[in-house]
Amino acid sequence: MIKKLQSLLDRIIYSERDFQERSFLFLTSTAAAALFIALIGDIVTGENPLECGALSAILLITPPVTSYAIKHNKVQLGAGIISFGVTFIVLPVAFFFGGGLTGASIVWVAFTYLYLGLTLTGVLRAVMMCILTALVIAEYTLSYLNPELVPQHSRFMWYTDSCISVLLVGLVITVMVLFQSRMFMRENKKAKDQAIEIEEMNKAQNRFFSSMSHEIRTPINTIIGLNEMILREDISDEVAEDARNIKAASNILLSLINDILDVSKMHSGKMDIVKSSYDVGVMLSEIVNMIWVKADEKGLKFSVNVDPNMPAGLYSDEVRIKQILLNILNNAVKYTNEGSVTLSINCSGTDNGRALITYTVEDTGMGIRKESIPHLFDAFRREDEKKNRYIEGTGLGLSIVKQLTDLLDGEITVSSVYTKGSVFEVRIPQEITDRRLIGKYDPEKFRGEEIRKHYHQSFEAPDARVLIVDDNNANLMVAEKLLRETRVKTETANSGEECLKMTLQTHYHAILMDHMMPGMDGIECLRAIRRQSGGLCKDTPVIVLTANAGSENKAIYRKEGFNGYILKPVEAKTLEDTLRSVLPIDLVTGLDTEKKTFDSEGFIAKTGQKIPLLVTTDSVSDLPLELLRSMNIPVLSYKVITGEGVFSDGIEAGGDDIIRYLSDKDTSAKSEAPSVEEYEEFFANLLPRCQHILHIAMAKNSSHGYANALQASSAFYNVTVIDSGHLSSGMGLVALEAVKLADSDRIDIDAFVKKLDHKKNRIKTSFIVDTTEYLYRSGRLSERIYKLCNAFLLHPVIVMKKSAMTVGSILVGERDSVCKAYIKRALRNPERIDPSVLFITYVGMKLDEVEAVKREAMKIVKFEKVYLQKASPAVSINCGPGTFGLIYSKKDY
Ligand code: ADP
């Protein structure tokens, strides 16, 4: 008996059974025990036999009903039967035959309420409670109206019965409440323990993913890096093919790791959405560039339809939207064998500064089975496995897409006809930041350049010393080899401590630093370098090389004071660009002559972002090369056409050479602006790096450059061409002013152009021409004026008016006096001249002659910076040797 009771207790308290079931078992056993004691009391006190019979009946059915209910998992049925028996049989019998209000049945009513409340659930509980209430009211009413129906107990029976019942019910209620609260506490603790366990598991999982990503990235870094070295060598086609396959496989592995990391971040709720304003067209160009190649390889047609009413600038998480679209587009290409893939973008509901952007990707591929569609967004689920077994994939892509869309408050839907094709539609609400319309979008313009077949380094810096710090020897080897062609002098350190020893002895121009190193890590080492007493690298730029992907990590590195961030596996181009951006300019020689532009790509790599506004100009802007580089101003070359052929201005032909050639051969040459197509190509190549291009063109009435650039810009929605109103260094000064104005990250282009207009009106460009022969030869001066000038020693001063060259004045006399007179005239009203910069731009003059001009000019205005600038060939052939100009800005009032 005791054993049975013990096992019952164990079952109730410690078993893994359901909480409801254990409550039922406990409450029913306790109630039965109480009723049993009450029955004994009734028998002893000689209670009405009918009441004793009812009690016995309920006590007899309770054990089998309870055991049946528990065995068959029908707790509600068992509790219902017992409650029914008590409510309809025991309580009425006890009331009518056990003394009514002078008996104890009324105390048991209270107990029954408790039992019903704790064991029953839902509708059954509500119904039984109502019945019990109705019964109590009926009993009271009946016994009040017809007291003869309820025989009263004797005074002794009344007191005894009620005393036993109150004590029993009181005791049972106390036990029940104690039990319930203990059970609740146990359940609560269990839930808390489980929550802690789940959290620990999540943390462990994240640690695992993060370290797995780190560990896998390190060997992939070696594979990709060394493979890149193989590709750079002169190798057979077969080896090249193998190396390209290794590259493709490594990239797949890398994207797999990124997917797994994304999934783990989403599970732990750490996927951050970083919103910023972005340029819709630029984002589309990048997507188009990536998908086009893949579609082309499979022989698929890839079309893009963009709603012309689409605003040019939006505010959302550009990176995640790109990830969503690339995922769906990659799938469309992957699961389509013939036909086409179409991306359509529509814009609706552009009220209140917001718009609903709908991206639709349609393909004519294998389609998706109807029954698979509800599971399409489940992680690790791949549909139609048999058919797709040769197509690479993990089943993670669409799950990530769905969760990212949800995070961006968007929606995604799919419709598909199996074997015919699928349509994925993503709708994401976004804010509008630039209301101008995107207009007609011509994706052809944005097709990327063919990937260069042969590697060639983007710069050389043989005098630069670079220290590479990494605990992994393979990583050190890869970084050193990747930089070999740049001829920088590399040294390596295996740990933070070794790095600090080296920075005490050598000044490095840049340090590449691994983050995760045993002992002193990269961040600690950076801090130590910055405050190292006697250290020679306190101000040296330090670039972190890390396997920790993710925008949150990037922010941490920036906050710590790193000057750059390169993610492993290190890409050769990113490494070169980032390094180039931090090395001192005088140590770097650019070799990027392929595009015939001078531009420092480093800036983009340095910030990892697109430049909001990129200022570009033409080679005739006569600015020093270092200035163009340091200010990141890409330049497109004019052409110089001579009897010997056509040369690129400033690249294939220098000003002095051309002048010498012209006077030796007694011939003439022509300059020509780039064609519309050349401008288009120039803009298209630069657009992936910036959100907007502002091109500064030569005065519109002096060259076709402005008209051609303007026509080319109409093919883009984010290129603005400005008539500088000047030529030569005057035009260059406008470009410099534009760069100075463009340093904020949100640019309202209309307001910007207005400000620049104001600036350019303050710039003064003039030239004194030594001989009018060249102006005459290039058709800018009539023969009559040319002859007149020659005969009377007339020297015209050319000035810019209404975007055209005109003769501002004519000075008469010998060269020396005329030059002095020009300088005085050009710098008259010195109090109104901005003394910060003066350009002395000249053609075919000796340096001491130019220095003399500088001295004269400085006597009038103490300029802070004077550039002695040789005019470009395209300018030189129009002016002839001996020409020079003073170009400056008037003060801004
Ligand atoms: P993966 O492509 O890596 O297998 P996804 O999550 O991107 O994983 O896609 C899940 C499944 O959905 C794929 O395995 C494929 O069966 C199906 N699927 C996705 N996109 C398409 C599509 N455009 N056409 C046909 N089937 C698709």
# chains A, B, ... in the order shown; residues from 1 in each chain; ligands from 1

$ select_by_dssp --residues "region 827-860 of chain A" --states "alpha helix (DSSP H)" --output "MDAnalysis selection string"
chainID A and resid 847:860

$ select_by_dssp --residues "region 180-307 of chain A" --states "strand (DSSP E or B)" --output "list in words"
Ser276, Ser277, Tyr278, Asp279, Lys301, Phe302, Ser303, Val304, Asn305 and Val306 of chain A

$ residues_around --residues "region 256-270 of chain A" --least-positions-apart "2" --cutoff "7 Å" --atoms "only C-alpha atoms" --output "list in words"
Asn202, Asn206, Phe209, Ser213, Ile252, Leu253, Leu254, Asp272, Leu396 and Ile400 of chain A

$ residues_around --residues "region 223-239 of chain A" --least-positions-apart "4" --cutoff "10 Å" --atoms "only C-alpha atoms" --output "CSV table (one decimal) with N, CA, C and O atoms, in the first residue's frame"
chain,number,residue,atom,x,y,z
A,217,ARG,N,38.0,30.5,-44.1
A,217,ARG,CA,38.5,31.6,-45.0
A,217,ARG,C,40.0,31.6,-45.1
A,217,ARG,O,40.6,32.0,-46.1
A,218,THR,N,40.7,31.2,-44.0
A,218,THR,CA,42.1,31.2,-44.0
A,218,THR,C,42.7,30.3,-45.1
A,218,THR,O,43.5,30.7,-45.9
A,219,PRO,N,42.3,29.0,-45.1
A,219,PRO,CA,42.9,28.2,-46.2
A,219,PRO,C,42.4,28.6,-47.6
A,219,PRO,O,43.1,28.5,-48.6
A,243,ALA,N,43.1,26.2,-63.4
A,243,ALA,CA,43.2,27.3,-62.4
A,243,ALA,C,41.9,28.1,-62.3
A,243,ALA,O,41.4,28.4,-61.2
A,244,ARG,N,41.2,28.3,-63.5
A,244,ARG,CA,40.0,29.0,-63.5
A,244,ARG,C,38.9,28.2,-62.7
A,244,ARG,O,38.0,28.7,-62.0
A,245,ASN,N,38.9,26.9,-62.9
A,245,ASN,CA,38.0,26.0,-62.2
A,245,ASN,C,38.2,26.1,-60.7
A,245,ASN,O,37.2,26.1,-59.9
A,246,ILE,N,39.5,26.1,-60.3
A,246,ILE,CA,39.8,26.2,-58.9
A,246,ILE,C,39.2,27.5,-58.3
A,246,ILE,O,38.5,27.6,-57.3
A,247,LYS,N,39.4,28.6,-59.1
A,247,LYS,CA,38.9,29.9,-58.7
A,247,LYS,C,37.3,29.8,-58.5
A,247,LYS,O,36.8,30.3,-57.5
A,248,ALA,N,36.7,29.2,-59.6
A,248,ALA,CA,35.2,29.2,-59.5
A,248,ALA,C,34.7,28.4,-58.3
A,248,ALA,O,33.8,28.8,-57.5
A,249,ALA,N,35.4,27.2,-58.0
A,249,ALA,CA,35.0,26.4,-56.9
A,249,ALA,C,35.3,27.1,-55.6
A,249,ALA,O,34.4,27.0,-54.7
A,250,SER,N,36.4,27.8,-55.5
A,250,SER,CA,36.6,28.5,-54.2
A,250,SER,C,35.6,29.6,-54.0
A,250,SER,O,35.2,29.8,-52.9
A,251,ASN,N,35.2,30.2,-55.1
A,251,ASN,CA,34.2,31.3,-54.9
A,251,ASN,C,32.8,30.7,-54.5
A,251,ASN,O,32.1,31.3,-53.7
A,453,LYS,N,42.2,39.8,-69.6
A,453,LYS,CA,42.7,38.5,-69.7
A,453,LYS,C,44.0,38.3,-68.9
A,453,LYS,O,44.2,37.4,-68.3
A,454,HIS,N,44.8,39.3,-69.1
A,454,HIS,CA,46.1,39.2,-68.4
A,454,HIS,C,46.2,40.2,-67.3
A,454,HIS,O,45.9,41.4,-67.5
A,455,TYR,N,46.7,39.7,-66.2
A,455,TYR,CA,46.8,40.6,-65.0
A,455,TYR,C,48.0,41.6,-65.3
A,455,TYR,O,49.0,41.3,-65.9
A,456,HIS,N,47.8,42.9,-64.9
A,456,HIS,CA,48.9,43.7,-64.8
A,456,HIS,C,48.7,44.6,-63.6
A,456,HIS,O,47.5,45.1,-63.3
A,474,ALA,N,51.3,30.9,-44.4
A,474,ALA,CA,50.7,30.8,-45.8
A,474,ALA,C,50.1,32.2,-46.2
A,474,ALA,O,50.3,32.7,-47.3
A,475,ASN,N,49.4,32.8,-45.2
A,475,ASN,CA,48.8,34.1,-45.4
A,475,ASN,C,49.9,35.2,-45.8
A,475,ASN,O,49.7,36.0,-46.7
A,477,MET,N,52.8,34.6,-47.1
A,477,MET,CA,53.3,34.3,-48.4
A,477,MET,C,52.4,34.8,-49.5
A,477,MET,O,52.8,35.4,-50.5
A,478,VAL,N,51.1,34.6,-49.3
A,478,VAL,CA,50.1,35.0,-50.3
A,478,VAL,C,50.2,36.5,-50.5
A,478,VAL,O,50.3,37.1,-51.6
A,479,ALA,N,50.1,37.3,-49.3
A,479,ALA,CA,50.1,38.7,-49.4
A,479,ALA,C,51.4,39.2,-50.1
A,479,ALA,O,51.4,40.1,-51.0
A,481,LYS,N,53.3,37.6,-52.2
A,481,LYS,CA,53.3,37.3,-53.7
A,481,LYS,C,52.3,38.2,-54.4
A,481,LYS,O,52.6,38.6,-55.5
A,482,LEU,N,51.2,38.5,-53.8
A,482,LEU,CA,50.2,39.3,-54.5
A,482,LEU,C,50.7,40.7,-54.8
A,482,LEU,O,50.3,41.4,-55.7
A,484,ARG,N,54.0,41.3,-55.3
A,484,ARG,CA,55.3,41.3,-55.9
A,484,ARG,C,55.4,42.2,-57.1
A,484,ARG,O,56.4,43.0,-57.2
A,568,LYS,N,39.5,38.7,-45.9
A,568,LYS,CA,40.1,37.5,-46.5
A,568,LYS,C,39.0,36.6,-47.1
A,568,LYS,O,38.0,36.5,-46.4
A,569,PRO,N,39.2,35.9,-48.1
A,569,PRO,CA,40.3,35.8,-48.9
A,569,PRO,C,40.6,37.1,-49.7
A,569,PRO,O,39.7,37.7,-50.2
A,570,VAL,N,41.9,37.5,-49.6
A,570,VAL,CA,42.3,38.8,-50.2
A,570,VAL,C,42.2,38.7,-51.7
A,570,VAL,O,42.8,37.8,-52.3
A,571,GLU,N,41.5,39.7,-52.2
A,571,GLU,CA,41.5,39.8,-53.7
A,571,GLU,C,42.6,40.7,-54.1
A,571,GLU,O,42.8,41.8,-53.6
A,572,ALA,N,43.3,40.3,-55.2
A,572,ALA,CA,44.6,41.0,-55.6
A,572,ALA,C,44.3,42.5,-55.8
A,572,ALA,O,45.0,43.4,-55.4

$ residues_around --residues "region 359-369 of chain A" --least-positions-apart "6" --cutoff "6 Å" --atoms "only C-alpha atoms" --output "number ranges by chain"
A: 332, 335-336, 339-345, 416-426

$ residues_around --residues "region 70-73 of chain A" --least-positions-apart "6" --cutoff "12 Å" --atoms "only C-alpha atoms" --output "VMD selection string"
chain A and resid 11 to 12 17 to 18 20 to 26 28 63 to 64 79

$ residues_around --residues "region 304-319 of chain A" --least-positions-apart "3" --cutoff "7 Å" --atoms "only C-alpha atoms" --output "ChimeraX atom specification"
/A:273-281,322-323,342-347,430-441,443

$ closest_residue --among "A:Ala195, A:Val414, A:Val875, A:Cys690" --to "ligand 1" --atoms "only C-alpha atoms and all ligand atoms"
A:Val414

$ closest_residue --among "A:Phe97, A:Tyr159, A:Phe767, A:Phe683" --to "Met805 (chain A)" --atoms "only C-alpha atoms"
A:Phe767

$ atom_distance --atom1 "CA of Arg689 (chain A)" --atom2 "CA of Glu286 (chain A)"
9.9 Å
